[in-house]
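Okay, structure first, notes after.
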Amino acid sequence: MLEEIKFEYKITKIDLSKGEQFNINFRKISPLSKIPAIIDHKNNVSLFQSGAILIYLAELSGKFYDVKNRVLINQWLMAQMGDLGPMLGQHHQFHHFNPGKSKFAEERYFNIAKKLYKDLDDHLSKSTFLAGDKYSIADIATFPWIARHEWHDIGLKKFENLNRWYEAISKREAVIKGFDCLNQGDKIPKA
Ligand SMILES: N[C@@H](CCC(=O)N[C@@H](CS)C(=O)NCC(=O)O)C(=O)O
């Protein structure tokens, strides 16, 4: 989002494996100890929760959050926050990072992830972007999850419309730059 709206930013890394998210100073801006969180130094505001951050930046920049289309954009943004993110996150935990630890959880989240791919594919057969014909913060929130398609093991290519959406967003200059925001040569995985 910061690349898309061309705002200047500096990244502060929080090493989750070292528990840095629990540091007292970080918890002042992110009370649930989760990344991402931002500080807007110009306006002296700090925010946590990616959806709230996206809305804030969209309102500040006047981009990717059309006033007339907010009812629809909000729904797809909340779908990412409440369903897609948490469910694919569990799929990462059980299928990708900890296979063999719980057959039940592995199967459960694999099935949910497959259903999400199918539901997104169905929706994108009728809509260019998630919330209509314009790229919005709903797409910006959702794309990074689908960009982990290799971990999902579902086969993005089988989902023609989701793949079309993914490829279109993958080509955006800001997305390519944002994906490699740590400047370590990270490339968006192809389907
Ligand atoms: N709903 C939150 C989810 C944030 C979240 O779960 N972040 C994970 C990393 S992807 C985290 O910080 N985990 C650290 C922990 O749980 O200790 C958002 O969208 O910002």
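Residues in the structure tokens are numbered from 1 in each chain, the chains being A, B, ... in the order shown, and ligands are numbered from 1 in the order shown.
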Residue contacts of Gly132 of chain A (9 Å, only C-alpha atoms) excluding same-chain residues fewer than 3 positions away, as number ranges by chain:
A: 69, 72-73, 126-129, 135-136
Let's have the selection written as a short mmCIF file (atom, residue, chain, number, x, y, z; two decimals), in the first residue's frame, with N, CA, C and O atoms.
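This is the output file part_17.cif:
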```
data_model
loop_
_atom_site.label_atom_id
_atom_site.label_comp_id
_atom_site.auth_asym_id
_atom_site.auth_seq_id
_atom_site.Cartn_x
_atom_site.Cartn_y
_atom_site.Cartn_z
N ASN A 69 -17.97 3.31 -3.39
CA ASN A 69 -17.93 1.83 -3.42
C ASN A 69 -17.52 1.24 -2.06
O ASN A 69 -17.19 0.07 -1.96
N LEU A 72 -19.06 -2.13 -0.59
CA LEU A 72 -18.53 -3.36 -1.18
C LEU A 72 -17.06 -3.59 -0.78
O LEU A 72 -16.67 -4.71 -0.41
N ILE A 73 -16.27 -2.54 -0.85
CA ILE A 73 -14.84 -2.68 -0.49
C ILE A 73 -14.72 -3.16 0.96
O ILE A 73 -13.94 -4.07 1.26
N LYS A 126 -17.03 -13.10 -11.98
CA LYS A 126 -18.05 -12.08 -12.24
C LYS A 126 -17.53 -10.67 -12.00
O LYS A 126 -18.25 -9.70 -12.22
N SER A 127 -16.34 -10.56 -11.47
CA SER A 127 -15.85 -9.26 -11.04
C SER A 127 -14.35 -9.16 -11.36
O SER A 127 -13.60 -10.10 -11.08
N THR A 128 -13.91 -8.05 -11.95
CA THR A 128 -12.50 -7.94 -12.32
C THR A 128 -11.61 -7.97 -11.08
O THR A 128 -10.63 -8.70 -10.99
N PHE A 129 -11.98 -7.14 -10.10
CA PHE A 129 -11.26 -7.13 -8.82
C PHE A 129 -12.25 -7.55 -7.73
O PHE A 129 -13.43 -7.75 -8.01
N TYR A 135 -9.23 -1.81 -8.77
CA TYR A 135 -8.29 -2.30 -7.74
C TYR A 135 -8.50 -1.48 -6.46
O TYR A 135 -8.57 -0.25 -6.53
N SER A 136 -8.62 -2.16 -5.32
CA SER A 136 -8.89 -1.43 -4.07
C SER A 136 -8.09 -2.02 -2.91
O SER A 136 -7.37 -3.03 -3.08
#
```
Exercise for review: Write out as a ChimeraX atom specification each polymer residue (protein, DNA or RNA) that has an atom no more than 10 Å from ligand 1, with only C-alpha atoms and all ligand atoms counted.
Suggested key: /A:14-22,30,32-37,47-54,78,80-83,85-86,89,141,145
Do you have, as CSV, the list of residues of segment 112-174 of chain A lying at most 12 Å from segment 57-61 of chain A, each with its nearest atom pair and that distance in Å to one decimal, counting only C-alpha atoms and ordered by chain then number?
```
residue,atom,partner,partner_atom,distance
A:Ser136,CA,A:Ala58,CA,9.1
A:Ile137,CA,A:Ala58,CA,7.5
A:Ala138,CA,A:Ala58,CA,11.0
A:Ile140,CA,A:Ala58,CA,10.9
```
Those same residues, written as a short mmCIF file (atom, residue, chain, number, x, y, z; two decimals), in the first residue's frame with N, CA, C and O atoms?
```cif
data_model
loop_
_atom_site.label_atom_id
_atom_site.label_comp_id
_atom_site.auth_asym_id
_atom_site.auth_seq_id
_atom_site.Cartn_x
_atom_site.Cartn_y
_atom_site.Cartn_z
N SER A 136 -8.62 -2.16 -5.32
CA SER A 136 -8.89 -1.43 -4.07
C SER A 136 -8.09 -2.02 -2.91
O SER A 136 -7.37 -3.03 -3.08
N ILE A 137 -8.27 -1.44 -1.74
CA ILE A 137 -7.55 -1.96 -0.57
C ILE A 137 -7.98 -3.40 -0.23
O ILE A 137 -7.24 -4.11 0.44
N ALA A 138 -9.13 -3.83 -0.72
CA ALA A 138 -9.53 -5.23 -0.50
C ALA A 138 -8.56 -6.16 -1.27
O ALA A 138 -8.13 -7.20 -0.74
N ILE A 140 -5.51 -5.28 -2.15
CA ILE A 140 -4.18 -5.09 -1.55
C ILE A 140 -4.04 -5.95 -0.29
O ILE A 140 -2.99 -6.53 -0.03
#
```
**OP:** If you run DSSP over the backbone, which residues in chain A end up helix (DSSP H, G or I)? Put them as a PyMOL selection string.
**Re:** chain A and resi 16-18+20-22+24-29+50-61+67-97+103-124+137-146+149-152+156-158+160-170+173-179
The residue from A:Trp151, A:Lys68, A:Tyr56, A:Gln75 with the smallest atom-to-atom distance to Phe94 of chain A, counting only C-alpha atoms, is A:Trp151
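Counting only C-alpha atoms, segment 177-188 of chain A has the following residues at most 7 Å away, ignoring those fewer than 5 positions along the same chain: Glu3, Ala147 and Ser170 of chain A.
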For His123 of chain A, the closest of A:Thr142, A:Asn74, A:Thr12, A:Asn161 counting only C-alpha atoms is A:Asn161
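As for atom CA of Ser125 of chain A and atom CA of Ala174 of chain A, they are spaced 24.9 Å apart.
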The distance between atom CA of Val71 of chain A and atom CA of Leu162 of chain A is 22.0 Å
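Take atom CA of Pro144 of chain A and atom CA of Gln90 of chain A: the distance between them is 15.2 Å.
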Residues of chain A in strand (DSSP E) according to DSSP, as a PyMOL selection string?
chain A and resi 37-40+45-48
